[in-house]
file work_14.txt (compact mmCIF, N, CA and C atoms)
# COMPACT_ATOMS: atom_id res chain seq x y z
N MET I 122 8.18 0.01 8.58
CA MET I 122 8.24 -0.43 9.97
C MET I 122 7.56 0.62 10.85
N LYS I 123 6.66 0.18 11.67
CA LYS I 123 5.90 1.07 12.53
C LYS I 123 6.45 1.03 13.94
N HIS I 124 6.74 2.19 14.49
CA HIS I 124 7.24 2.29 15.86
C HIS I 124 6.12 2.82 16.74
N ASN I 125 6.01 2.29 17.94
CA ASN I 125 4.95 2.68 18.85
C ASN I 125 5.02 4.14 19.27
N ASN I 126 6.21 4.74 19.25
CA ASN I 126 6.34 6.11 19.72
C ASN I 126 6.18 7.13 18.59
N GLN I 127 5.91 6.68 17.37
CA GLN I 127 5.73 7.60 16.26
C GLN I 127 4.24 7.87 16.04
N MET I 128 3.95 9.12 15.67
CA MET I 128 2.58 9.45 15.31
C MET I 128 2.32 8.94 13.90
N GLN I 129 1.13 8.42 13.69
CA GLN I 129 0.74 7.93 12.38
C GLN I 129 -0.48 8.71 11.90
N PHE I 130 -0.45 9.12 10.63
CA PHE I 130 -1.59 9.79 10.01
C PHE I 130 -2.44 8.76 9.29
N LEU I 131 -3.74 8.96 9.35
CA LEU I 131 -4.69 8.13 8.62
C LEU I 131 -5.46 9.02 7.65
N ARG I 132 -5.65 8.57 6.45
CA ARG I 132 -6.48 9.29 5.48
C ARG I 132 -7.92 8.81 5.62
N LEU I 133 -8.85 9.54 5.03
CA LEU I 133 -10.28 9.26 5.19
C LEU I 133 -10.66 7.81 4.90
N PRO I 134 -10.25 7.21 3.78
CA PRO I 134 -10.68 5.82 3.53
C PRO I 134 -10.26 4.85 4.64
N GLU I 135 -9.07 5.07 5.19
CA GLU I 135 -8.62 4.17 6.26
C GLU I 135 -9.39 4.41 7.55
N VAL I 136 -9.71 5.67 7.85
CA VAL I 136 -10.52 5.98 9.03
C VAL I 136 -11.88 5.32 8.90
N MET I 137 -12.51 5.48 7.73
CA MET I 137 -13.84 4.89 7.50
C MET I 137 -13.79 3.37 7.66
N GLN I 138 -12.74 2.75 7.13
CA GLN I 138 -12.61 1.30 7.22
C GLN I 138 -12.40 0.85 8.66
N ARG I 139 -11.60 1.57 9.40
CA ARG I 139 -11.30 1.19 10.80
C ARG I 139 -12.51 1.31 11.70
N VAL I 140 -13.29 2.38 11.55
CA VAL I 140 -14.41 2.61 12.46
C VAL I 140 -15.73 2.07 11.92
N GLY I 141 -15.76 1.70 10.64
CA GLY I 141 -16.97 1.11 10.07
C GLY I 141 -18.09 2.10 9.82
N LEU I 142 -17.74 3.34 9.56
CA LEU I 142 -18.73 4.38 9.29
C LEU I 142 -18.57 4.91 7.87
N SER I 143 -19.68 5.39 7.33
CA SER I 143 -19.62 6.03 6.02
C SER I 143 -19.09 7.45 6.17
N LYS I 144 -18.75 8.05 5.04
CA LYS I 144 -18.25 9.42 5.06
C LYS I 144 -19.27 10.39 5.66
N PRO I 145 -20.56 10.34 5.25
CA PRO I 145 -21.53 11.25 5.87
C PRO I 145 -21.70 11.03 7.37
N GLN I 146 -21.71 9.77 7.80
CA GLN I 146 -21.84 9.48 9.24
C GLN I 146 -20.64 10.04 10.01
N LEU I 147 -19.46 9.85 9.45
CA LEU I 147 -18.24 10.32 10.10
C LEU I 147 -18.25 11.84 10.24
N TYR I 148 -18.56 12.54 9.16
CA TYR I 148 -18.55 14.00 9.22
C TYR I 148 -19.68 14.56 10.10
N LYS I 149 -20.78 13.83 10.18
CA LYS I 149 -21.84 14.25 11.10
C LYS I 149 -21.35 14.18 12.54
N LEU I 150 -20.65 13.11 12.89
CA LEU I 150 -20.10 12.99 14.24
C LEU I 150 -19.06 14.07 14.52
N ILE I 151 -18.26 14.41 13.51
CA ILE I 151 -17.27 15.48 13.68
C ILE I 151 -17.98 16.80 13.95
N THR I 152 -19.02 17.07 13.18
CA THR I 152 -19.79 18.30 13.37
C THR I 152 -20.41 18.38 14.75
N GLN I 153 -20.80 17.23 15.29
CA GLN I 153 -21.42 17.16 16.62
C GLN I 153 -20.36 17.04 17.73
N ASN I 154 -19.09 17.19 17.38
CA ASN I 154 -17.98 17.04 18.32
C ASN I 154 -17.98 15.69 19.02
N GLU I 155 -18.37 14.65 18.29
CA GLU I 155 -18.40 13.29 18.83
C GLU I 155 -17.34 12.39 18.20
N PHE I 156 -16.53 12.96 17.32
CA PHE I 156 -15.44 12.23 16.69
C PHE I 156 -14.29 13.21 16.49
N PRO I 157 -13.04 12.75 16.59
CA PRO I 157 -11.91 13.68 16.43
C PRO I 157 -11.92 14.39 15.08
N SER I 158 -11.57 15.64 15.09
CA SER I 158 -11.50 16.42 13.86
C SER I 158 -10.26 16.06 13.07
N GLN I 159 -10.37 16.24 11.78
CA GLN I 159 -9.24 16.01 10.89
C GLN I 159 -8.23 17.15 11.00
N ILE I 160 -7.02 16.87 10.58
CA ILE I 160 -5.93 17.86 10.57
C ILE I 160 -5.61 18.14 9.11
N LYS I 161 -5.63 19.40 8.74
CA LYS I 161 -5.30 19.79 7.37
C LYS I 161 -3.79 19.90 7.26
N ILE I 162 -3.15 19.01 6.48
CA ILE I 162 -1.69 19.05 6.36
C ILE I 162 -1.24 19.78 5.11
N CYS I 163 -2.13 20.02 4.17
CA CYS I 163 -1.89 20.90 3.03
C CYS I 163 -3.25 21.26 2.45
N SER I 164 -3.29 22.02 1.40
CA SER I 164 -4.55 22.58 0.91
C SER I 164 -5.59 21.53 0.55
N ARG I 165 -5.17 20.36 0.11
CA ARG I 165 -6.13 19.35 -0.34
C ARG I 165 -6.05 18.03 0.42
N ILE I 166 -5.28 17.99 1.48
CA ILE I 166 -5.12 16.72 2.21
C ILE I 166 -5.44 16.91 3.69
N SER I 167 -6.38 16.10 4.16
CA SER I 167 -6.71 16.07 5.58
C SER I 167 -6.39 14.68 6.11
N VAL I 168 -5.97 14.63 7.35
CA VAL I 168 -5.61 13.37 7.99
C VAL I 168 -6.15 13.36 9.42
N TRP I 169 -6.15 12.20 10.01
CA TRP I 169 -6.48 12.03 11.42
C TRP I 169 -5.29 11.37 12.09
N LEU I 170 -5.07 11.70 13.34
CA LEU I 170 -4.06 10.99 14.10
C LEU I 170 -4.59 9.61 14.46
N GLU I 171 -3.80 8.60 14.19
CA GLU I 171 -4.21 7.24 14.50
C GLU I 171 -4.56 7.10 15.98
N SER I 172 -3.78 7.75 16.84
CA SER I 172 -4.02 7.65 18.29
C SER I 172 -5.38 8.24 18.66
N ASP I 173 -5.82 9.30 17.98
CA ASP I 173 -7.14 9.89 18.25
C ASP I 173 -8.26 8.93 17.84
N VAL I 174 -8.08 8.28 16.69
CA VAL I 174 -9.09 7.34 16.20
C VAL I 174 -9.16 6.12 17.11
N VAL I 175 -8.03 5.59 17.51
CA VAL I 175 -7.99 4.44 18.41
C VAL I 175 -8.62 4.79 19.75
N GLN I 176 -8.32 5.97 20.27
CA GLN I 176 -8.90 6.40 21.54
C GLN I 176 -10.42 6.49 21.43
N TRP I 177 -10.92 7.05 20.33
CA TRP I 177 -12.37 7.15 20.12
C TRP I 177 -13.00 5.75 20.10
N MET I 178 -12.34 4.82 19.41
CA MET I 178 -12.87 3.45 19.35
C MET I 178 -12.90 2.83 20.74
N GLN I 179 -11.85 3.03 21.52
CA GLN I 179 -11.80 2.48 22.88
C GLN I 179 -12.91 3.09 23.74
N GLU I 180 -13.16 4.38 23.57
CA GLU I 180 -14.23 5.04 24.33
C GLU I 180 -15.59 4.47 23.97
N GLN I 181 -15.80 4.13 22.70
CA GLN I 181 -17.08 3.54 22.29
C GLN I 181 -17.28 2.17 22.92
N VAL I 182 -16.21 1.38 22.95
CA VAL I 182 -16.29 0.05 23.57
C VAL I 182 -16.56 0.19 25.06
N GLN I 183 -15.84 1.08 25.72
CA GLN I 183 -16.03 1.28 27.16
C GLN I 183 -17.46 1.76 27.45
N ARG I 184 -17.95 2.70 26.66
CA ARG I 184 -19.31 3.20 26.85
C ARG I 184 -20.32 2.08 26.68
N HIS I 185 -20.10 1.24 25.68
CA HIS I 185 -21.00 0.11 25.43
C HIS I 185 -21.00 -0.86 26.61
N GLN I 186 -19.82 -1.12 27.17
CA GLN I 186 -19.70 -2.06 28.27
C GLN I 186 -20.33 -1.53 29.55
N GLU I 187 -20.39 -0.21 29.69
CA GLU I 187 -20.94 0.39 30.91
C GLU I 187 -22.45 0.58 30.84
N GLU I 188 -23.03 0.57 29.65
CA GLU I 188 -24.47 0.79 29.51
C GLU I 188 -25.23 -0.48 29.86
N PRO I 189 -26.34 -0.33 30.57
CA PRO I 189 -27.17 -1.51 30.82
C PRO I 189 -27.84 -1.96 29.52
N PRO I 190 -28.06 -3.25 29.34
CA PRO I 190 -28.70 -3.72 28.11
C PRO I 190 -30.12 -3.20 27.99
N LEU I 191 -30.50 -2.92 26.76
CA LEU I 191 -31.87 -2.46 26.51
C LEU I 191 -32.82 -3.65 26.52
N ASP I 192 -34.05 -3.39 26.89
CA ASP I 192 -35.09 -4.40 26.75
C ASP I 192 -35.55 -4.32 25.30
N THR I 193 -35.00 -5.18 24.45
CA THR I 193 -35.28 -5.09 23.01
C THR I 193 -36.73 -5.43 22.67
N VAL I 194 -37.42 -6.14 23.55
CA VAL I 194 -38.82 -6.44 23.29
C VAL I 194 -39.65 -5.16 23.35
N LYS I 195 -39.40 -4.32 24.35
CA LYS I 195 -40.16 -3.08 24.49
C LYS I 195 -39.73 -2.02 23.48
N THR I 196 -38.42 -1.89 23.26
CA THR I 196 -37.93 -0.80 22.41
C THR I 196 -37.87 -1.19 20.95
N GLY I 197 -37.71 -2.48 20.67
CA GLY I 197 -37.61 -2.91 19.29
C GLY I 197 -36.28 -2.53 18.63
N ALA I 198 -35.30 -2.11 19.39
CA ALA I 198 -34.02 -1.71 18.80
C ALA I 198 -32.87 -2.04 19.76
N THR I 199 -31.71 -2.23 19.21
CA THR I 199 -30.51 -2.43 20.01
C THR I 199 -29.76 -1.12 20.12
N HIS I 200 -28.71 -1.11 20.94
CA HIS I 200 -27.86 0.09 21.06
C HIS I 200 -27.31 0.49 19.70
N ALA I 201 -26.80 -0.50 18.98
CA ALA I 201 -26.19 -0.20 17.68
C ALA I 201 -27.20 0.40 16.72
N THR I 202 -28.41 -0.14 16.68
CA THR I 202 -29.44 0.38 15.79
C THR I 202 -29.80 1.81 16.17
N GLN I 203 -29.96 2.07 17.44
CA GLN I 203 -30.28 3.43 17.88
C GLN I 203 -29.15 4.38 17.53
N TRP I 204 -27.91 3.98 17.74
CA TRP I 204 -26.77 4.84 17.44
C TRP I 204 -26.69 5.12 15.95
N LEU I 205 -26.90 4.10 15.12
CA LEU I 205 -26.85 4.31 13.67
C LEU I 205 -27.96 5.26 13.22
N ARG I 206 -29.11 5.18 13.84
CA ARG I 206 -30.19 6.12 13.50
C ARG I 206 -29.79 7.56 13.81
N GLU I 207 -29.05 7.75 14.90
CA GLU I 207 -28.61 9.08 15.30
C GLU I 207 -27.58 9.66 14.35
N VAL I 208 -26.68 8.82 13.86
CA VAL I 208 -25.58 9.34 13.03
C VAL I 208 -25.83 9.23 11.54
N SER I 209 -26.86 8.50 11.12
CA SER I 209 -27.14 8.37 9.69
C SER I 209 -27.71 9.65 9.14
N PRO I 210 -27.31 9.98 7.89
CA PRO I 210 -27.83 11.22 7.27
C PRO I 210 -29.30 11.13 6.95
call {"tool": "encode", "arguments": {"input": "work_14.txt", "output": "structure tokens"}}
result
Amino acid sequence: MKHNNQMQFLRLPEVMQRVGLSKPQLYKLITQNEFPSQIKICSRISVWLESDVVQWMQEQVQRHQEEPPLDTVKTGATHATQWLREVSP
């Protein structure tokens, strides 16, 4: 049972599934301070706070909604394509 006032930890596979990014893309964003850093809870286990991941996702949606649409005829790319080019290894 999940309570709204409890903190939830997410492991890497769940973070990747929720945000739709690969492991290299995710760690590149962390290195660039564009994604929340993981928390080391023991020597071999890292986790993310679910609230941090959800907040990051909300910020991406808000940023997308505030950006003017690109002229895809001139640029040949969408916002998503440009963003993926930036974060892809």
call {"tool": "residues_around", "arguments": {"input": "work_14.txt", "residues": "range 151-168 of chain I", "least_positions_apart": "2", "cutoff": "8 Å", "atoms": "only C-alpha atoms", "output": "PyMOL selection string"}}
result
chain I and resi 130-133+147-149+170+173-174+177
call {"tool": "atom_distance", "arguments": {"input": "work_14.txt", "atom1": "atom C of Gly141 in chain I", "atom2": "atom N of Glu171 in chain I"}}
result
16.3 Å
call {"tool": "axis_aligned_box", "arguments": {"input": "work_14.txt", "around": "range 132-137 of chain I", "padding_each_side": "6 Å", "output": "AutoDock Vina command-line options"}}
result
--center_x -9.7 --center_y 6.5 --center_z 6.3 --size_x 20.2 --size_y 18.2 --size_z 17.5
call {"tool": "atom_distance", "arguments": {"input": "work_14.txt", "atom1": "CA of Lys144 in chain I", "atom2": "CA of Pro189 in chain I"}}
result
29.4 Å
call {"tool": "atom_distance", "arguments": {"input": "work_14.txt", "atom1": "atom C of Ser143 in chain I", "atom2": "CA of Arg206 in chain I"}}
result
13.4 Å
call {"tool": "select_by_dssp", "arguments": {"input": "work_14.txt", "residues": "range 134-209 of chain I", "states": "strand (DSSP E)", "output": "MDAnalysis selection string"}}
result
chainID I and resid 160:163 166:170
call {"tool": "write_last_selection", "arguments": {"input": "work_14.txt", "atoms": "N, CA and C atoms", "output": "short mmCIF file (atom, residue, chain, number, x, y, z; two decimals), in the frame of the given file"}}
result
data_model
loop_
_atom_site.label_atom_id
_atom_site.label_comp_id
_atom_site.auth_asym_id
_atom_site.auth_seq_id
_atom_site.Cartn_x
_atom_site.Cartn_y
_atom_site.Cartn_z
N ILE I 160 -7.02 16.87 10.58
CA ILE I 160 -5.93 17.86 10.57
C ILE I 160 -5.61 18.14 9.11
N LYS I 161 -5.63 19.40 8.74
CA LYS I 161 -5.30 19.79 7.37
C LYS I 161 -3.79 19.90 7.26
N ILE I 162 -3.15 19.01 6.48
CA ILE I 162 -1.69 19.05 6.36
C ILE I 162 -1.24 19.78 5.11
N CYS I 163 -2.13 20.02 4.17
CA CYS I 163 -1.89 20.90 3.03
C CYS I 163 -3.25 21.26 2.45
N ILE I 166 -5.28 17.99 1.48
CA ILE I 166 -5.12 16.72 2.21
C ILE I 166 -5.44 16.91 3.69
N SER I 167 -6.38 16.10 4.16
CA SER I 167 -6.71 16.07 5.58
C SER I 167 -6.39 14.68 6.11
N VAL I 168 -5.97 14.63 7.35
CA VAL I 168 -5.61 13.37 7.99
C VAL I 168 -6.15 13.36 9.42
N TRP I 169 -6.15 12.20 10.01
CA TRP I 169 -6.48 12.03 11.42
C TRP I 169 -5.29 11.37 12.09
N LEU I 170 -5.07 11.70 13.34
CA LEU I 170 -4.06 10.99 14.10
C LEU I 170 -4.59 9.61 14.46
#
call {"tool": "residues_near_point", "arguments": {"input": "work_14.txt", "point": "(-26.5, 5.5, 4.1)", "cutoff": "8 Å", "atoms": "all atoms listed in the file", "output": "VMD selection string"}}
result
chain I and resid 143 145 to 146 209 to 210
call {"tool": "closest_residue", "arguments": {"input": "work_14.txt", "among": "I:Gln181, I:Leu142, I:Glu187, I:Ser172", "to": "Val208 in chain I", "atoms": "only C-alpha atoms"}}
result
I:Leu142
